[in-house]
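Trainee: Following this message is one structure expressed as structure tokens.
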Amino acid sequence: MPKYLENAKVFMAFCNETRLMVIDLLRSGEKCAEALLKQVSVGQSTLSHHMRILVESGIVSARKVGKRTYYSICESDRQRAIELLKRLTAITASDGIEGKPAHEH
């Protein structure tokens, strides 16, 4: 089950419009939390919640500099998420249940 839990964390990062907005903002480069807060219409605690989910998923990395936290897209985990989606949606002959072809699920 740990594999499925880790996979679910990756997909959880993408299943909220605020998190998608943050990811989109980070595509242009690293941003501090204050800059993100100005562009996303949520409160500070809500943004912190979303950033925690993004960081736990591995899609976003965080680094502290003094009192500020800077966020950026993590290239290696971004690639891992792409490969995960490809792997999970790949059709294989062994996907059938009890002898039924996979397309009959």
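Going through the structure tokens in order, the chains are called A, B, and so on, while each chain numbers its residues from 1 and the ligands are numbered from 1 in the order shown.
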For Met12 (chain A), find every residue with an atom within 10 Å (counting only C-alpha atoms), except residues of its own chain fewer than 6 positions away, and show them as a list in words.
Mentor: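 Close residues of Met12 (chain A): Glu6, Arg19, Ile53, Leu54, Glu56 and Ser57 of chain A.
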Trainee: Within 8 Å of region 34-42 of chain A, counting only C-alpha atoms, which residues qualify if same-chain residues fewer than 3 places away don't, as a ChimeraX atom specification?
Mentor: /A:18,21-22,25,31,46-47
Trainee: Once you have the residues from the selection above, write them out as a compact mmCIF listing (two decimals), in the first residue's frame, restricted to C-alpha atoms.
Mentor:
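Everything below was put into out_33.txt:
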```txt
# COMPACT_ATOMS: atom_id res chain seq x y z
CA THR A 18 -5.65 26.64 -6.36
CA MET A 21 -2.79 27.91 -10.28
CA VAL A 22 0.27 27.78 -8.02
CA LEU A 25 2.72 30.43 -11.48
CA LYS A 31 8.57 32.38 -6.15
CA THR A 46 -5.00 28.20 3.07
CA LEU A 47 -1.99 28.84 0.84
```
Trainee: For the atom pair CA of Thr92 (chain A) and CA of Asn7 (chain A), what is the interatomic distance in Å to one decimal place?
Mentor: 19.4 Å
Trainee: I'd like to know which residues of chain A are strand (DSSP E or B) (by DSSP, run on the backbone); could you write them as a PyMOL selection string?
Mentor: chain A and resi 31-32+60-65+68-73
Trainee: Take the selection from the previous step and output its residues with N, CA and C atoms, as a JSON list (two decimals), in the first residue's frame.
Mentor:
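After the write, result-v3.json holds the following:
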```json
[["chain", "number", "residue", "atom", "x", "y", "z"],
["A", 31, "LYS", "N", 9.34, 31.26, -6.73],
["A", 31, "LYS", "CA", 8.57, 32.38, -6.15],
["A", 31, "LYS", "C", 8.55, 32.22, -4.63],
["A", 32, "CYS", "N", 8.57, 33.34, -3.93],
["A", 32, "CYS", "CA", 8.41, 33.28, -2.48],
["A", 32, "CYS", "C", 6.91, 33.20, -2.15],
["A", 60, "VAL", "N", 6.62, 20.13, -6.04],
["A", 60, "VAL", "CA", 7.18, 21.44, -5.70],
["A", 60, "VAL", "C", 8.20, 21.25, -4.59],
["A", 61, "SER", "N", 9.29, 21.99, -4.70],
["A", 61, "SER", "CA", 10.29, 21.97, -3.62],
["A", 61, "SER", "C", 10.26, 23.32, -2.91],
["A", 62, "ALA", "N", 10.66, 23.30, -1.65],
["A", 62, "ALA", "CA", 10.67, 24.51, -0.83],
["A", 62, "ALA", "C", 12.05, 24.69, -0.23],
["A", 63, "ARG", "N", 12.45, 25.96, -0.12],
["A", 63, "ARG", "CA", 13.71, 26.25, 0.57],
["A", 63, "ARG", "C", 13.50, 27.52, 1.39],
["A", 64, "LYS", "N", 14.05, 27.49, 2.60],
["A", 64, "LYS", "CA", 13.94, 28.63, 3.51],
["A", 64, "LYS", "C", 15.17, 29.51, 3.37],
["A", 65, "VAL", "N", 14.92, 30.80, 3.33],
["A", 65, "VAL", "CA", 15.98, 31.81, 3.37],
["A", 65, "VAL", "C", 15.52, 32.84, 4.40],
["A", 68, "ARG", "N", 11.68, 33.78, 4.94],
["A", 68, "ARG", "CA", 10.93, 33.54, 3.71],
["A", 68, "ARG", "C", 11.11, 32.10, 3.22],
["A", 69, "THR", "N", 10.05, 31.61, 2.59],
["A", 69, "THR", "CA", 10.10, 30.30, 1.95],
["A", 69, "THR", "C", 9.92, 30.51, 0.46],
["A", 70, "TYR", "N", 10.81, 29.89, -0.31],
["A", 70, "TYR", "CA", 10.77, 29.98, -1.76],
["A", 70, "TYR", "C", 10.38, 28.63, -2.33],
["A", 71, "TYR", "N", 9.51, 28.66, -3.34],
["A", 71, "TYR", "CA", 8.99, 27.44, -3.94],
["A", 71, "TYR", "C", 9.35, 27.39, -5.42],
["A", 72, "SER", "N", 9.58, 26.17, -5.90],
["A", 72, "SER", "CA", 9.84, 25.97, -7.32],
["A", 72, "SER", "C", 9.39, 24.57, -7.70],
["A", 73, "ILE", "N", 9.21, 24.37, -8.99],
["A", 73, "ILE", "CA", 8.85, 23.05, -9.49],
["A", 73, "ILE", "C", 10.10, 22.17, -9.43]]
```
Trainee: What is the CA of His49 (chain A) to CA of Phe14 (chain A) distance in Å?
Mentor: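 If I compute the distance from CA of His49 (chain A) to CA of Phe14 (chain A), I get 14.0 Å.
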Trainee: Quick one: DSSP helix (DSSP H, G or I) residues in chain A, as a ChimeraX atom specification?
Mentor: /A:2-13,17-26,33-39,44-57,75-89,93-95,102-104
Trainee: If you count only C-alpha atoms, which residues fall within 12 Å of Leu85 (chain A), apart from same-chain ones fewer than 3 positions away, as a VMD selection string?
Mentor: chain A and resid 7 to 8 10 to 11 14 78 to 82 88 to 91
Trainee: Can you write just those residues out, C-alpha atoms, as a PDB file, in the first residue's frame?
Mentor:
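Wrote result.pdb, looks like this:
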```
ATOM      1  CA  ASN A   7       1.179   7.780  -6.022  1.00  0.00           C
ATOM      2  CA  ALA A   8      -1.999   9.291  -4.586  1.00  0.00           C
ATOM      3  CA  VAL A  10       1.276  13.012  -6.647  1.00  0.00           C
ATOM      4  CA  PHE A  11      -2.226  13.097  -8.108  1.00  0.00           C
ATOM      5  CA  PHE A  14      -3.139  18.258  -9.365  1.00  0.00           C
ATOM      6  CA  ARG A  78       7.899  16.447 -12.315  1.00  0.00           C
ATOM      7  CA  GLN A  79       9.376  13.824 -14.606  1.00  0.00           C
ATOM      8  CA  ARG A  80       8.437  11.078 -12.135  1.00  0.00           C
ATOM      9  CA  ALA A  81       4.796  12.279 -12.194  1.00  0.00           C
ATOM     10  CA  ILE A  82       4.768  12.179 -15.999  1.00  0.00           C
ATOM     11  CA  LEU A  88      -0.678   3.732 -14.654  1.00  0.00           C
ATOM     12  CA  THR A  89      -2.611   4.292 -17.860  1.00  0.00           C
ATOM     13  CA  ALA A  90      -0.661   1.855 -20.036  1.00  0.00           C
ATOM     14  CA  ILE A  91      -2.771  -1.065 -21.238  1.00  0.00           C
TER      15      ILE A  91
END
```
Trainee: Kindly give the distance, in Å, that separates CA of Ile59 (chain A) and CA of Asp77 (chain A), rounded to a single decimal.
Mentor: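 Between CA of Ile59 (chain A) and CA of Asp77 (chain A) the gap works out to 5.4 Å.
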Trainee: Tell me which of A:Lys9, A:Arg27, A:His50, A:Lys86 sits closest to Cys74 (chain A), counting only C-alpha atoms.
Mentor: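 Using only C-alpha atoms, the shortest distance to Cys74 (chain A) belongs to A:Arg27.
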